[in-house]
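J.: Enclosed is the structure file coords22.txt (compact mmCIF, C-alpha atoms).
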# COMPACT_ATOMS: atom_id res chain seq x y z
CA MET K 18 101.46 151.85 283.23
CA ALA K 19 99.65 154.19 280.90
CA CYS K 20 98.47 157.44 282.34
CA ILE K 21 94.77 157.24 283.00
CA LEU K 22 92.29 160.06 283.10
CA ALA K 23 92.12 162.49 285.93
CA VAL K 24 88.97 161.65 287.86
CA GLY K 25 86.01 163.49 286.38
CA ALA K 26 87.98 164.69 283.34
CA PRO K 27 86.80 164.34 279.75
CA ALA K 28 88.24 161.41 277.82
CA VAL K 29 90.45 163.60 275.63
CA SER K 30 90.82 167.16 274.54
CA SER K 31 87.73 168.57 272.86
CA ASN K 32 90.00 169.83 270.08
CA ALA K 33 88.81 168.06 266.92
CA ALA K 34 92.41 167.77 265.72
CA SER K 35 93.38 165.62 268.72
CA LEU K 36 94.15 161.97 268.34
CA LEU K 37 91.51 159.56 269.55
CA SER K 38 91.80 157.56 272.72
CA GLY K 39 91.26 153.85 272.20
CA ALA K 40 89.63 151.13 274.28
CA GLY K 41 89.30 147.46 273.42
CA TYR K 42 87.25 144.69 274.98
CA TRP K 43 89.06 141.47 275.92
CA VAL K 44 87.18 138.19 276.36
CA ASP K 45 88.36 135.04 278.09
CA TYR K 46 86.72 132.58 275.67
CA ASP K 47 88.81 133.46 272.61
CA PRO K 48 92.62 132.98 272.76
CA ASN K 49 92.98 135.45 269.89
CA SER K 50 91.75 138.19 272.22
CA LEU K 51 94.83 137.85 274.44
CA VAL K 52 97.04 137.62 271.37
CA THR K 53 95.74 141.02 270.25
CA VAL K 54 96.28 142.56 273.70
CA SER K 55 99.88 141.30 273.71
CA ALA K 56 100.56 142.50 270.17
CA GLN K 57 98.53 145.71 269.96
CA GLY K 58 97.92 146.82 273.54
CA SER K 59 100.36 149.69 273.15
CA ARG K 60 97.87 151.30 270.76
CA LEU K 61 95.14 151.31 273.41
CA ASN K 62 94.57 153.53 276.42
CA TRP K 63 92.20 151.05 278.07
CA VAL K 64 91.76 147.31 277.86
CA ILE K 65 88.33 146.35 279.23
CA ALA K 66 88.22 142.82 280.67
CA THR K 67 84.80 141.19 280.40
CA GLN K 68 84.90 138.29 282.85
CA PHE K 69 82.61 139.73 285.55
CA ALA K 70 78.80 139.87 285.73
CA LEU K 71 76.02 140.62 288.15
CA ALA K 72 75.55 137.58 290.40
CA GLY K 73 71.75 137.61 290.57
CA THR K 74 68.75 139.47 291.90
CA ALA K 75 70.33 139.65 295.35
CA GLY K 76 73.15 141.71 293.90
CA GLY K 77 76.88 141.20 294.01
CA ILE K 78 79.43 140.30 291.34
CA THR K 79 80.52 136.93 290.00
CA GLY K 80 83.58 136.17 287.89
CA THR K 81 87.28 135.39 288.03
CA HIS K 82 90.22 137.76 287.84
CA ASN K 83 92.66 136.98 285.02
CA ALA K 84 96.21 137.83 286.04
CA GLN K 85 97.60 136.89 282.63
CA LEU K 86 95.44 139.48 280.89
CA MET K 87 96.31 142.10 283.49
CA LYS K 88 100.04 141.56 282.97
CA ALA K 89 99.79 141.46 279.18
CA ALA K 90 97.94 144.78 279.07
CA GLN K 91 100.17 146.47 281.61
CA ASP K 92 103.28 145.26 279.80
CA GLN K 93 101.94 147.12 276.75
CA GLY K 94 101.29 150.24 278.80
CA ALA K 95 97.50 150.03 278.72
CA ALA K 96 95.30 150.70 281.71
CA VAL K 97 92.99 147.80 282.63
CA HIS K 98 89.33 148.21 283.51
CA PHE K 99 86.99 145.38 284.37
CA ASN K 100 83.57 145.12 282.83
CA VAL K 101 80.40 144.34 284.79
CA ALA K 102 77.48 143.06 282.70
CA ASN K 103 74.02 141.66 283.28
CA TYR K 104 74.64 138.91 280.74
CA LEU K 105 73.60 135.69 282.48
CA SER K 106 72.75 132.23 281.16
CA GLY K 107 73.04 133.32 277.55
CA GLY K 108 70.96 136.49 277.72
CA TRP K 109 70.73 140.04 279.04
CA SER K 110 68.78 139.62 282.26
CA ARG K 111 66.19 142.34 282.80
CA PRO K 112 65.02 140.97 286.20
CA VAL K 113 68.56 140.90 287.60
CA VAL K 114 69.51 144.41 286.50
CA HIS K 115 66.11 145.71 287.68
CA SER K 116 66.72 144.30 291.15
CA VAL K 117 70.23 145.73 291.36
CA LEU K 118 68.98 149.16 290.29
CA THR K 119 65.90 149.29 292.50
CA SER K 120 66.69 147.26 295.63
CA SER K 121 68.90 149.11 298.10
CA GLN K 122 70.32 145.85 299.43
CA ALA K 123 71.14 144.46 295.98
CA ARG K 124 72.57 147.83 294.93
CA ASP K 125 74.78 148.18 297.99
CA ARG K 126 76.06 144.62 297.72
CA THR K 127 76.93 145.16 294.05
CA ILE K 128 78.76 148.41 294.71
CA ARG K 129 80.62 146.83 297.62
CA ASP K 130 81.79 143.97 295.41
CA ILE K 131 82.90 146.32 292.64
CA LEU K 132 84.96 148.36 295.07
CA GLY K 133 86.39 145.17 296.49
CA LEU K 134 87.62 144.10 293.05
CA LEU K 135 89.20 147.51 292.48
CA ASP K 136 91.00 147.27 295.81
CA LYS K 137 92.05 143.63 295.60
CA TYR K 138 93.41 143.49 292.07
CA GLY K 139 94.42 147.06 291.35
CA TYR K 140 92.29 147.65 288.28
CA ASP K 141 92.41 151.19 286.92
CA GLY K 142 88.66 151.43 286.59
CA VAL K 143 85.33 149.74 286.00
CA SER K 144 83.07 149.74 282.95
CA LEU K 145 79.36 148.92 283.10
CA ASP K 146 77.50 147.06 280.37
CA PHE K 147 73.86 146.84 281.38
CA GLU K 148 71.61 145.93 278.45
CA ASN K 149 67.90 145.17 278.09
CA VAL K 150 67.14 147.64 280.88
CA SER K 151 63.47 148.56 281.16
CA PRO K 152 62.72 152.18 280.22
CA ASN K 153 60.83 152.31 283.52
CA ASP K 154 64.23 151.99 285.25
CA ARG K 155 65.73 155.08 283.57
CA HIS K 156 65.95 157.16 286.75
CA ALA K 157 67.08 154.18 288.82
CA LEU K 158 69.90 153.47 286.35
CA THR K 159 71.11 157.06 286.47
CA ALA K 160 70.95 157.10 290.28
CA PHE K 161 72.92 153.84 290.48
CA VAL K 162 75.66 155.12 288.18
CA ILE K 163 75.94 158.41 290.07
CA ARG K 164 76.27 156.55 293.38
CA LEU K 165 78.79 154.05 292.04
CA ALA K 166 80.80 156.76 290.28
CA ALA K 167 81.18 158.72 293.50
CA ALA K 168 82.54 155.64 295.26
CA VAL K 169 84.87 154.72 292.38
CA HIS K 170 86.18 158.28 292.11
CA GLY K 171 86.76 158.23 295.86
CA ARG K 172 89.39 155.57 295.19
CA GLY K 173 90.98 157.61 292.42
CA LYS K 174 89.70 155.24 289.73
CA ASP K 175 87.76 155.70 286.50
CA ILE K 176 84.30 154.57 285.45
CA SER K 177 82.60 154.28 282.06
CA ILE K 178 79.32 152.86 280.84
CA ALA K 179 78.33 151.25 277.55
CA VAL K 180 75.08 152.63 276.14
CA PRO K 181 72.95 151.41 273.23
CA ALA K 182 73.06 153.43 270.04
CA LYS K 183 70.21 155.81 269.28
CA ILE K 184 69.57 158.86 267.14
CA ARG K 185 66.92 160.40 269.40
CA ASP K 186 65.91 160.11 273.03
CA ASP K 187 62.70 158.09 273.13
CA LEU K 188 61.88 157.45 276.79
CA THR K 189 59.47 154.66 275.83
CA ASN K 190 61.91 152.68 273.68
CA ASP K 191 62.16 149.21 275.18
CA TRP K 192 65.86 148.78 274.39
CA ASN K 193 67.46 152.22 274.75
CA GLY K 194 64.90 154.37 276.59
CA ALA K 195 66.54 153.75 279.98
CA PHE K 196 69.76 155.48 278.97
CA ASP K 197 69.94 159.21 279.65
CA TYR K 198 73.16 160.07 277.81
CA ALA K 199 73.53 163.51 279.36
CA ALA K 200 72.92 162.45 282.96
CA LEU K 201 75.13 159.37 282.69
CA ALA K 202 77.97 161.26 281.01
CA SER K 203 77.94 163.85 283.78
CA ALA K 204 78.88 161.14 286.28
CA VAL K 205 81.48 159.10 284.38
CA GLU K 206 84.69 159.51 282.41
CA ALA K 207 83.16 158.13 279.22
CA ILE K 208 79.99 156.75 277.68
CA ILE K 209 80.75 154.01 275.17
CA VAL K 210 78.10 154.26 272.45
CA MET K 211 77.62 150.81 270.92
CA ALA K 212 77.30 151.93 267.31
CA TYR K 213 76.80 148.45 265.90
CA ASP K 214 74.08 145.85 265.39
CA GLU K 215 72.08 148.19 263.20
CA HIS K 216 71.13 144.79 261.79
CA TRP K 217 71.42 141.88 264.19
CA ASP K 218 71.24 138.11 264.32
CA THR K 219 67.45 137.87 264.11
CA SER K 220 66.85 140.84 261.79
CA GLU K 221 66.85 140.81 258.03
CA PRO K 222 70.36 140.89 256.48
CA GLY K 223 72.01 144.29 256.34
CA PRO K 224 74.95 146.39 257.47
CA ILE K 225 76.22 145.93 261.03
CA ALA K 226 76.96 149.64 261.13
CA SER K 227 76.26 151.67 257.99
CA GLU K 228 78.11 154.96 257.70
CA PRO K 229 75.00 157.19 257.61
CA TRP K 230 73.55 155.48 260.67
CA VAL K 231 76.81 155.59 262.64
CA ASP K 232 77.23 159.27 261.85
CA ALA K 233 73.68 159.99 263.05
CA VAL K 234 74.38 158.04 266.25
CA ALA K 235 77.62 159.97 266.81
CA GLN K 236 75.93 163.29 266.10
CA PHE K 237 73.18 162.61 268.63
CA ALA K 238 75.62 161.49 271.33
CA ALA K 239 77.77 164.56 270.76
CA SER K 240 74.71 166.78 271.10
CA GLU K 241 73.82 165.31 274.48
CA THR K 242 77.11 165.87 276.30
CA ASP K 243 80.68 167.04 275.86
CA PRO K 244 81.74 165.09 272.75
CA ALA K 245 85.07 164.40 274.42
CA LYS K 246 83.23 162.11 276.84
CA VAL K 247 81.93 159.91 274.03
CA LEU K 248 83.73 156.78 272.83
CA LEU K 249 82.30 155.46 269.57
CA GLY K 250 81.84 151.70 269.66
CA VAL K 251 83.34 150.07 266.57
CA ALA K 252 82.62 146.49 265.47
CA PHE K 253 85.30 143.97 264.56
CA TYR K 254 82.79 141.38 263.33
CA GLY K 255 79.95 140.53 261.00
CA TYR K 256 76.94 138.26 260.57
CA ALA K 257 76.18 135.45 258.16
CA TRP K 258 72.42 135.27 257.62
CA PRO K 259 70.94 132.02 256.32
CA THR K 260 67.85 132.06 254.15
CA LYS K 261 65.87 131.08 257.25
CA GLY K 262 66.73 131.38 260.91
CA ALA K 263 69.10 133.45 263.01
CA ALA K 264 72.44 134.72 261.74
CA GLU K 265 75.80 133.48 262.95
CA GLY K 266 78.20 136.07 264.34
CA ILE K 267 81.58 135.80 262.62
CA SER K 268 84.88 137.60 262.94
CA MET K 269 86.42 139.83 260.30
CA ARG K 270 88.93 137.15 259.44
CA GLU K 271 86.30 134.40 259.20
CA ALA K 272 84.17 136.57 256.91
CA VAL K 273 87.10 137.00 254.52
CA ASP K 274 88.10 133.33 254.75
CA ARG K 275 84.59 132.14 253.90
CA ALA K 276 84.50 134.31 250.80
CA LYS K 277 87.89 132.95 249.71
CA ARG K 278 86.87 129.33 250.30
CA ALA K 279 83.69 129.85 248.29
CA GLY K 280 85.50 131.72 245.53
CA VAL K 281 83.16 134.72 245.70
CA THR K 282 84.10 138.37 245.33
CA ILE K 283 83.61 140.62 248.34
CA GLN K 284 81.50 143.58 247.26
CA TRP K 285 81.30 147.12 248.62
CA ASP K 286 77.97 148.68 249.60
CA SER K 287 78.41 152.20 248.25
CA THR K 288 75.61 153.61 250.43
CA ALA K 289 76.37 151.88 253.73
CA LYS K 290 80.16 151.98 253.09
CA VAL K 291 80.66 148.41 254.29
CA PRO K 292 81.66 145.11 252.64
CA PHE K 293 79.26 142.26 251.93
CA TYR K 294 78.83 139.19 249.77
CA LYS K 295 76.36 136.42 249.06
CA LEU K 296 76.79 132.66 249.10
CA PRO K 297 74.24 130.01 248.21
CA GLY K 298 71.78 130.25 251.08
CA PHE K 299 73.69 132.99 252.96
CA THR K 300 74.14 136.77 253.02
CA VAL K 301 77.19 138.14 254.83
CA TYR K 302 77.77 141.69 256.01
CA PHE K 303 80.86 142.53 258.05
CA GLU K 304 83.39 145.21 258.91
CA ASP K 305 86.90 145.45 257.46
CA ALA K 306 89.83 147.84 257.62
CA ARG K 307 88.26 150.16 255.06
CA SER K 308 84.89 150.44 256.80
CA VAL K 309 86.46 150.73 260.25
CA SER K 310 88.71 153.53 259.00
CA ARG K 311 85.60 155.44 257.94
CA LYS K 312 84.17 155.05 261.46
CA MET K 313 87.38 156.52 262.84
CA GLY K 314 86.83 159.44 260.49
CA ILE K 315 83.36 159.95 261.93
CA ALA K 316 84.74 159.99 265.47
CA LYS K 317 87.27 162.63 264.44
CA ALA K 318 84.78 164.73 262.50
CA ARG K 319 82.36 164.75 265.44
CA ALA K 320 85.21 165.61 267.86
CA LEU K 321 84.52 162.53 269.97
CA GLY K 322 86.88 161.46 272.71
CA GLY K 323 87.75 158.15 271.14
CA VAL K 324 86.67 154.72 270.04
CA ALA K 325 86.03 151.36 271.69
CA PHE K 326 86.48 148.11 269.76
CA TRP K 327 84.19 145.10 270.20
CA ARG K 328 86.04 142.94 270.36
CA LEU K 329 89.78 142.31 270.39
CA GLY K 330 90.75 139.12 268.57
CA GLN K 331 88.10 139.28 265.86
CA GLU K 332 89.97 141.69 263.61
CA ASN K 333 92.26 140.98 260.70
CA PRO K 334 95.76 141.96 261.89
CA GLY K 335 96.13 144.47 259.06
CA VAL K 336 93.41 146.65 260.54
CA TRP K 337 95.86 148.04 263.09
CA SER K 338 98.00 149.77 260.48
CA VAL K 339 94.86 151.57 259.30
CA LEU K 340 93.89 152.53 262.85
CA ALA K 341 97.33 153.70 263.94
CA PRO K 342 97.19 157.24 262.47
CA TYR K 343 94.02 157.97 264.46
CA LEU K 344 95.02 156.62 267.87
CA GLN K 345 96.99 157.93 270.76
CA VAL K 346 99.79 155.52 271.61
CA ASN K 347 99.80 155.34 275.39
CA SER K 348 100.40 159.05 275.69
CA THR K 349 99.22 161.27 278.47
CA ILE K 350 95.65 162.23 277.68
CA SER K 351 95.30 165.98 277.32
CA VAL K 352 92.55 167.63 279.30
CA PRO K 353 91.11 171.03 278.33
Kindly present the structure from the file in structure tokens form.
T.:
Amino acid sequence: MACILAVGAPAVSSNAASLLSGAGYWVDYDPNSLVTVSAQGSRLNWVIATQFALAGTAGGITGTHNAQLMKAAQDQGAAVHFNVANYLSGGWSRPVVHSVLTSSQARDRTIRDILGLLDKYGYDGVSLDFENVSPNDRHALTAFVIRLAAAVHGRGKDISIAVPAKIRDDLTNDWNGAFDYAALASAVEAIIVMAYDEHWDTSEPGPIASEPWVDAVAQFAASETDPAKVLLGVAFYGYAWPTKGAAEGISMREAVDRAKRAGVTIQWDSTAKVPFYKLPGFTVYFEDARSVSRKMGIAKARALGGVAFWRLGQENPGVWSVLAPYLQVNSTISVP
């Protein structure tokens, strides 16, 4: 089993020359995700399993433990954390997360279930992914995380939380205003800054994560807390925007395959530092090994603790040879 962080310790050394810790999200609906864990798990410190969610407004957790994933990750030396999200019925449920954050009964039931999963299955930690949280619930979110973190740390386990990307703290912002980076980071081992979806499925076509934007996101996060507590979220995907309507999310490999099938040349956006191309009726932006490598460079330059990949199984296999020089390989994480 890989060494995990000492409770309450920063993700890695704050020394900018240190290697980056790596986390990767596994999903149960794509067989390629498990293939990546089995083949590349030794390059990751954490594998985050995403099969659990909030059960409803009454609180609690729903989902199914996956023993195959647990074994595959552990065989590669990676610690395994389970993710808890408020993604229900195809969307990020604001009413459900509001109830869990503001109702003492729903909160206590949820925390009890999380601790039960830690105890029953021996996970190394838990990672929260609460999205579409009302900015009015900012203090309630922080209070919930502090309470849960104390209970998780009491079991000698780790806790992290995914947070939406931002370049300033706007308390009124409907998507990211609820997330107090500094307060949340003080309670957890890591905040995972989701530095992707700069353009999204219903926006106009554009980079998933342009280099200038990602650097601004990383700079802001590093200014809010110890940079060593920040994991920079890195995308392994892209979007194909039709002339009208919502874009389709596609993997790195599918983006490349579509260009090959259509016989078009993949171009390089010299400002955003990402690949793109156009087909009749479609515009495609995505990430590849070259653009991902530049994100790793940002994480290093900003002295961040590491990176977190969304998601395992979407990448072209060759990306791992580009990532390898940046990543710790299941080594003991140094603590300042």
J.: Hey, can you pull every residue with an atom no more than 12 Å from (64.6, 143.1, 284.5), using all atoms listed in the file, and send it as a list in words?
T.: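 The distance filter leaves exactly Gly73, Thr74, Asn103, Tyr104, Leu105, Gly108, Trp109, Ser110, Arg111, Pro112, Val113, Val114, His115, Ser116, Val117, Leu118, Thr119, Phe147, Glu148, Asn149, Val150, Ser151, Pro152, Asn153, Asp154, Leu158, Asp191, Trp192 and Ala195 of chain K.
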J.: If we count all atoms listed in the file and set the cut-off at 12 Å, which residues sit around K:Ile283, ignoring sequence neighbours fewer than 5 positions away in its own chain? Please answer as an NGL selection string.
T.: :K and (272-278 or 291-296 or 300-305)
J.: So that I can see what lies close to K:Pro342, please list as a PyMOL selection string the residues with an atom at most 10 Å from it, counting all atoms listed in the file and leaving out residues fewer than 5 positions away in the same chain.
T.: chain K and resi 36-37+310+313+337
J.: Using only C-alpha atoms, which residues sit within 8 Å of K:Ile65 once same-chain residues fewer than 2 positions away are excluded, as a list of chain:residue names?
T.: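 Using only C-alpha atoms, the neighbours found are K:Ala40, K:Gly41, K:Tyr42, K:Trp43, K:Trp63, K:Thr67, K:Val97, K:His98, K:Phe99, K:Asn100, K:Ser144.
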J.: One decimal, in Å: what's the spacing between atom CA of K:Ala199 and atom CA of K:Ile163?
T.: 12.1 Å
J.: Please tell me which residues are no farther than 9 Å from (102.1, 144.3, 278.3) in the file, counting all atoms listed in the file, and write them as a list in words.
T.: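 It turns out the residues near that spot are Val54, Ser55, Ala56, Gly58, Ser59, Leu86, Met87, Lys88, Ala89, Ala90, Gln91, Asp92, Gln93, Gly94 and Ala95 of chain K.
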J.: Would you please work out which residue, of K:Pro48, K:Gly80, K:Gly255, K:Gly39, is nearest to K:Gly323 when using all atoms listed in the file?
T.: K:Gly39
J.: Measure the distance from atom CA of K:Gln331 to atom CA of K:Ile225 in Å and round it to one decimal.
T.: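 Atom-to-atom, atom CA of K:Gln331 and atom CA of K:Ile225 are spaced 14.4 Å apart.
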J.: May I ask which of the residues K:Gly250, K:Gly133, K:Pro334, K:Gly76 is the closest one to K:Ile315, counting all atoms listed in the file?
T.: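 Checking each candidate against K:Ile315, we get K:Gly250 as the closest.
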